[in-house]
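K.L.:
There's a structure below that I have some questions on.
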Amino acid sequence: MSNQNNDSDNLGMDKYELKRVLNELEDIRGRNTELVSLYIPAGYDMSKISEFVTSEQSEAENIKSKHTRTNVQDALGKIGRKVKEEQQTPENGVAFFSGNVSDTEGRPDIKIWEVHPPQPIESRHYRCDKEFVLQPLKDMVVDDRVYGLIVADKSEAAIGYLQGNSIKTAYTLDSNVPGKTKAGGQSAQRFARLRKEMLKTFLQEIADKSKSAFLSKAREDKLLGIIVGGPGFVKEKLVEDGYLHQQLQDKVVVTKSLGHSGEGALKELVSKAEESIQDSQAVREKNIVNKFLENLKEENGKSEYGPEPVKEALDMGAVDTVLISEDLELFHATYKCDNGNRREIFEEKPEIEEEVNCPQCSKNMQLEEISHIVDALGEVAENMGTDLEIISTSHEEGRRLMNMGGVAAILRYRIR
Ligand SMILES: [Zn+2]
């Protein structure tokens, strides 16, 4: 990554770093339309971008307010210099944000952020506004874990996802199951049998589409649960009569009675299941904490807690899951001395010193980098294929984790 400092790392920031930068940028408001956002996808000719920035800078001459004009031109000037430094666009493209962050009118403080995102920037975008344009980057940090949604009755069905707060439809299906007949006698029996067969086919179809929608997510461990709903008996049949793939069956969190079916009812399903969803998230978190506590109790060597031991195990690639309490405000600082020795410490932000003594040669060590513990551990976790879970303190297990220092790890194998 690089923000405010100029390193030439082309790999891009990880999700956690990006999240932090977004939090920072999100809070910034311009006094006027003076905050500049510029997105450049990979493959763009940087000299063309440089020309564009220069032309926007002269265009800004037309801004009436003197303060705004100067601020916009200075922001574009900063971006222009950064653009010139890049020979070519980084692997996933690059985004620049620049503008006045000072609250005092007439005493501007123009800052610039350069973001090399973890996923490709899709399209070129330029805007000058009272806030930064952040949506394209926000889309990259959405939690990719989902709840599966199935809404069905005998005439129609919809299959979708709940990701964060947004609902997406994957499939909609219509059945051919006819309504009940009023005719009597033998033909009525045949008709009833036919109806039953068609319902079976429809249920099978729903199960097949559910499998297409959810099974790979389940296997990647990204399916948090499945919620089933609808009017009538079809939802129960689907769940209880073994239509669903076993792995999906095990993920069913709750079934809910709804007034409607089909795509329009997905929203109703989510609102009715909200409590169950929250509970199931808490259950998941509790299970993770309990797994850690069990390891600790059994003294099997597959648990660590406290920032230093966790980081050490993480660096070795020995960690399966890192647990960090959402209330933890701890920072990771790295230092380097003139002899090239390095040292890392975890501290609360105000406690972090610019210089410390080198334990090896006792010379001064200079502060190199400070990052939030979630960023610092998140970056290593991503490289090591380790899961990182942020644990809420809204439940007993979460508070226990916080009381134990707020950071813990479940290990793949013992290291001590
Ligand atoms: Zn030293």
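Every chain in the structure tokens has a letter given in the order shown (A, B, ...), and although residue numbers restart at 1 in each chain, ligands are simply numbered from 1 in the order shown.
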Can you pull out every residue with an atom within 12 Å of ligand 1? Use only C-alpha atoms and all ligand atoms and format it as a ChimeraX atom specification.
P.N.:
/A:335-343,356-366
K.L.:
Output C-alpha atoms for every residue in that selection, as a PDB file, in the first residue's frame.
P.N.:
```pdb
ATOM      1  CA  TYR A 335      11.425   0.085  14.612  1.00  0.00           C
ATOM      2  CA  LYS A 336      14.797  -0.174  12.895  1.00  0.00           C
ATOM      3  CA  CYS A 337      18.264   0.749  14.125  1.00  0.00           C
ATOM      4  CA  ASP A 338      21.292   1.942  12.137  1.00  0.00           C
ATOM      5  CA  ASN A 339      22.743  -1.558  12.255  1.00  0.00           C
ATOM      6  CA  GLY A 340      19.626  -2.912  10.580  1.00  0.00           C
ATOM      7  CA  ASN A 341      18.144  -4.648  13.621  1.00  0.00           C
ATOM      8  CA  ARG A 342      14.388  -4.629  13.840  1.00  0.00           C
ATOM      9  CA  ARG A 343      11.908  -4.623  16.661  1.00  0.00           C
ATOM     10  CA  VAL A 356      13.453   3.261  21.397  1.00  0.00           C
ATOM     11  CA  ASN A 357      16.715   1.572  22.347  1.00  0.00           C
ATOM     12  CA  CYS A 358      18.004  -1.314  20.275  1.00  0.00           C
ATOM     13  CA  PRO A 359      18.192  -4.428  22.463  1.00  0.00           C
ATOM     14  CA  GLN A 360      21.148  -5.756  20.396  1.00  0.00           C
ATOM     15  CA  CYS A 361      23.461  -2.748  19.974  1.00  0.00           C
ATOM     16  CA  SER A 362      21.701  -0.287  22.317  1.00  0.00           C
ATOM     17  CA  LYS A 363      21.757   2.444  19.666  1.00  0.00           C
ATOM     18  CA  ASN A 364      18.616   4.416  18.856  1.00  0.00           C
ATOM     19  CA  MET A 365      15.925   2.742  16.817  1.00  0.00           C
ATOM     20  CA  GLN A 366      13.637   4.846  14.638  1.00  0.00           C
TER      21      GLN A 366
END
```
K.L.:
Among stretch 186-382 of chain A, which ones does DSSP place in helix (DSSP H, G or I), written as number ranges by chain?
P.N.:
A: 186-219, 234-240, 246-249, 263-298, 307-315, 349-351, 373-382
K.L.:
Smallest atom-to-atom distance to A:Phe331: which of A:Leu314, A:Ala213, A:Leu258, A:Ile352, using only C-alpha atoms?
P.N.:
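Under the stated criterion, the closest residue is A:Ile352.
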K.L.:
Which of these, A:Val380, A:Val252, A:Leu293, A:Ala188, has the shortest distance to A:Glu312 once you count only C-alpha atoms?
P.N.:
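The shortest atom-to-atom distance to A:Glu312 comes from A:Val380.
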K.L.:
Excluding stretch 170-178 of chain A and its own-chain neighbours fewer than 3 positions away, which residues fall within 10 Å of it when counting only C-alpha atoms? Please give them as a PyMOL selection string.
P.N.:
chain A and resi 148-161+167+181+191-192+194-203+205-206+209-210+212-214+262-263
K.L.:
For A:Thr393, list every protein, DNA or RNA residue within 8 Å, evaluated using only C-alpha atoms, and leave out those in the same chain fewer than 5 positions away; present the list as a list in words.
P.N.:
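The contact residues come out as Ser325, Glu326, Asp327, Gly398, Arg399 and Met402 of chain A.
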K.L.:
Okay, now the selection with C-alpha atoms, as a compact mmCIF listing (two decimals), in the first residue's frame?
P.N.:
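Printed below is again-v3.txt as written:
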```txt
# COMPACT_ATOMS: atom_id res chain seq x y z
CA SER A 325 -12.06 -8.21 19.99
CA GLU A 326 -13.94 -5.39 18.28
CA ASP A 327 -13.20 -3.17 21.31
CA GLY A 398 -16.72 -12.00 23.64
CA ARG A 399 -16.26 -10.15 26.94
CA MET A 402 -11.60 -8.88 25.78
```
K.L.:
Which of these residues is nearest to A:Leu323, using only C-alpha atoms: A:Phe346, A:Phe52, A:Tyr147, A:Tyr305?
P.N.:
A:Tyr305
